[in-house]
Amino acid sequence: MYGVFEKIVRHPERVTLEEIAWVISNDELNEKLFALADEVRQKYLGKQVYLRGIIEFSNYCRNDCLYCGIRASNKNVKRYRMSIDEIVERAKLIAEMGIKTVVLQSGEDPYYTTEMIGEMIQRIKRLNVAITLSIGERDFEEYEYWKNLGADRYLMRHETADEQLYEKLHPNDSFQIRKSHLIRLKQLGYETGAGSMVGLPGQNDVALAKDVLFVYELDADMVGIGPFIPHPDTPLRDSKAGDLTKVLKLIALTRLFLPDANIPATTALGTIHPFGRQLALKCGANVIMPNFTPSPYRSHYTLYPNKICIFEKDTACGECTKNIVRSIGYEVSEDFGYRRKNRERFSCRV
Ligand code: SAH
């Protein structure tokens with residue numbers, strides 16, 4: 001009879017939802033879980049940490065996700081859109097700092113047409129960086145068009161793999177639709193990122209276990225996991241924030257199921273705890289995402305309140321995140337940080 005961790009490492013395909021939920025609910029296992037996740041991370045990825053420079057280029061959004069501070073019906077947000085020239089200028093700064101990935105993130109903003117996003121991709125690719133798009137659900141034809149222009153990765157969290165909860169939180173959207181987009185992105189050859197929030201109202205340990213199984217079954221290349229943080233201008237304003245330890249447990253479990261995936265130490269985790277990101281890097285995470293959104297826009301990309309680094313000199317995050325990595329004895333990678341050097345094969349278990 002295997003212990004549960006041994007089973008996860010050796011036979012992840014045999015692990016049940018109940019077993020994962022049991023690990024999540026049992027805090028006596030935490031130390032062992034965290035140590036094992038760090039061991040697996042070091043075995044597969046060494047001490048290297050990848051940096052991804054993120055540009056939050058628009059906070060307009062057509063959606064109304066109940067948790068999100070930039071939801072369409074929040075009238076207290078000062079909305080902004082960066083021009084293509086402004087975006088490319090920031091991408092240049094990222095490249096000049098030796099950071100090899102540019103993440104382009106925004107609300108779901110149809111103002112940026114297929115061709116406009118295409119132009120960004122073409123101009124930024126000339127800087128010899130990998131590009132991650134994180135702009136929400138678009139048409140399948142657009143995903144294909146951008147892939148052909150050189151986009152490398154697509155980040156679209158599944159938010160929660162509990163179907164009912166997903167549908168409560170996302171008016172006019174469904175979990176099955178989100179899943180179909182993620183599968184399509186994988187089929188097209190994108191390195192595909194899913195991920196979820198921890199501590200959403202109504203989310204129990206079984207729901208969290210579903211998140212772990214979902215990213216494993218999708219064979220997600222990247223998994224972003226952070227705490228839910230209530231925003232005062234949303235319907236979830238009175239809910240509690242997600243808990244640090246629970247987020248770390250989800251990160252660690254995800255590392256055991258996906259030993260070579262790229263897992264960020266998220267900014268939201270750094271927001272609920274001063275050392276949240278350092279702790280995550282010690283529990284299985286291997287990516288950190290310095291913020292390169294210029295002021296004055298940066299302070300208006302308020303997915304949740306008290307987001308860190310809002311008042312920094314707007315290029316400071318590059319150096320700061322490098323220092324975070326070094327302070328815990330890990331190394332800043334100068335590599336592009338792809339999950340696999342040659343992704344010749346589409347793989348997915350769902
Ligand atoms: N429009 C893009 C980007 C969304 S913002 C897309 O749909 O993919 C990036 C992530 O921030 C979301 O996927 C969500 O998981 C997270 N987020 C939004 N509101 C949050 C909140 N209140 N607390 C914590 N994380 C939040």
# chains A, B, ... in the order shown; residues from 1 in each chain; ligands from 1
>>> residues_around(residues="range 68-85 of chain A", least_positions_apart="3", cutoff="10 Å", atoms="only C-alpha atoms", output="number ranges by chain")
A: 55-65, 88-91, 106-109, 111-112, 116-117, 119-120, 123, 169, 228-237, 293-294, 296-305
>>> select_by_dssp(residues="range 90-323 of chain A", states="helix (DSSP H, G or I)", output="ChimeraX atom specification")
/A:90-96,114-125,140-149,163-169,175-187,205-218,244-257,267-272,276-281,298-300,316-323
>>> residues_around(residues="range 130-142 of chain A", least_positions_apart="2", cutoff="7 Å", atoms="only C-alpha atoms", output="list of chain:residue names")
A:Lys100, A:Thr101, A:Val102, A:Val103, A:Leu104, A:Gln105, A:Ser106, A:Gly107, A:Glu108, A:Thr114, A:Asn128, A:Glu144, A:Tyr145, A:Trp146, A:Ala151, A:Asp152, A:Arg153, A:Tyr154, A:Leu155, A:Met156, A:Phe336
>>> select_by_dssp(residues="range 184-250 of chain A", states="strand (DSSP E)", output="list in words")
Glu191, Thr192, Gly193, Ala194, Gly195, Ser196, Met197, Val198, Met222, Val223, Gly224, Ile225, Gly226 and Pro227 of chain A
>>> write_last_selection(atoms="C-alpha atoms", output="compact mmCIF listing (two decimals), in the first residue's frame")
# COMPACT_ATOMS: atom_id res chain seq x y z
CA GLU A 191 1.75 26.38 -24.36
CA THR A 192 -1.49 26.65 -22.47
CA GLY A 193 -2.00 28.01 -19.00
CA ALA A 194 -4.97 27.24 -16.80
CA GLY A 195 -5.33 27.87 -13.09
CA SER A 196 -7.68 28.92 -10.39
CA MET A 197 -8.44 31.01 -7.36
CA VAL A 198 -8.46 29.56 -3.87
CA MET A 222 1.30 26.49 -16.96
CA VAL A 223 -0.86 26.75 -13.87
CA GLY A 224 -1.51 30.05 -12.10
CA ILE A 225 -2.93 29.66 -8.61
CA GLY A 226 -3.69 32.54 -6.29
CA PRO A 227 -5.97 33.50 -3.43
>>> closest_residue(among="A:Lys240, A:Lys32, A:Lys186, A:Arg14", to="Cys283 in chain A", atoms="only C-alpha atoms")
A:Lys32
>>> residues_around(residues="Gly53 in chain A", least_positions_apart="6", cutoff="8 Å", atoms="only C-alpha atoms", output="list of chain:residue names")
A:Ile94, A:Ile99, A:Thr101, A:Val102, A:Val103, A:Met289, A:Pro290, A:Asn291, A:Phe292, A:Gly318
>>> residues_around(residues="Tyr216 in chain A", least_positions_apart="4", cutoff="9 Å", atoms="only C-alpha atoms", output="number ranges by chain")
A: 12-13, 211-212, 220, 254, 257-258, 348-349
>>> write_last_selection(atoms="C-alpha atoms", output="PDB file, in the first residue's frame")
ATOM      1  CA  PRO A  12      -1.105  10.216 -10.594  1.00  0.00           C
ATOM      2  CA  GLU A  13      -3.682   8.689 -12.942  1.00  0.00           C
ATOM      3  CA  ASP A 211      -8.916  22.099  -9.775  1.00  0.00           C
ATOM      4  CA  VAL A 212      -5.912  19.830  -9.253  1.00  0.00           C
ATOM      5  CA  ALA A 220      -1.676  22.245 -18.576  1.00  0.00           C
ATOM      6  CA  THR A 254      -0.128  20.768  -8.652  1.00  0.00           C
ATOM      7  CA  PHE A 257       0.820  16.078 -10.535  1.00  0.00           C
ATOM      8  CA  LEU A 258       2.637  18.132 -13.192  1.00  0.00           C
ATOM      9  CA  CYS A 348      -4.407  16.023 -23.153  1.00  0.00           C
ATOM     10  CA  ARG A 349      -6.206  13.569 -20.900  1.00  0.00           C
TER      11      ARG A 349
END
>>> closest_residue(among="A:Gly284, A:Gly189, A:Pro171, A:Gly242", to="Pro259 in chain A", atoms="only C-alpha atoms")
A:Gly284
>>> atom_distance(atom1="CA of Gln187 in chain A", atom2="CA of Gly337 in chain A")
20.1 Å
>>> closest_residue(among="A:Ile310, A:Val49, A:Cys320, A:Leu182", to="ligand 1", atoms="only C-alpha atoms and all ligand atoms")
A:Leu182
>>> closest_residue(among="A:Ala95, A:Leu256, A:Ile54, A:Ala268", to="ligand 1", atoms="only C-alpha atoms and all ligand atoms")
A:Ala268
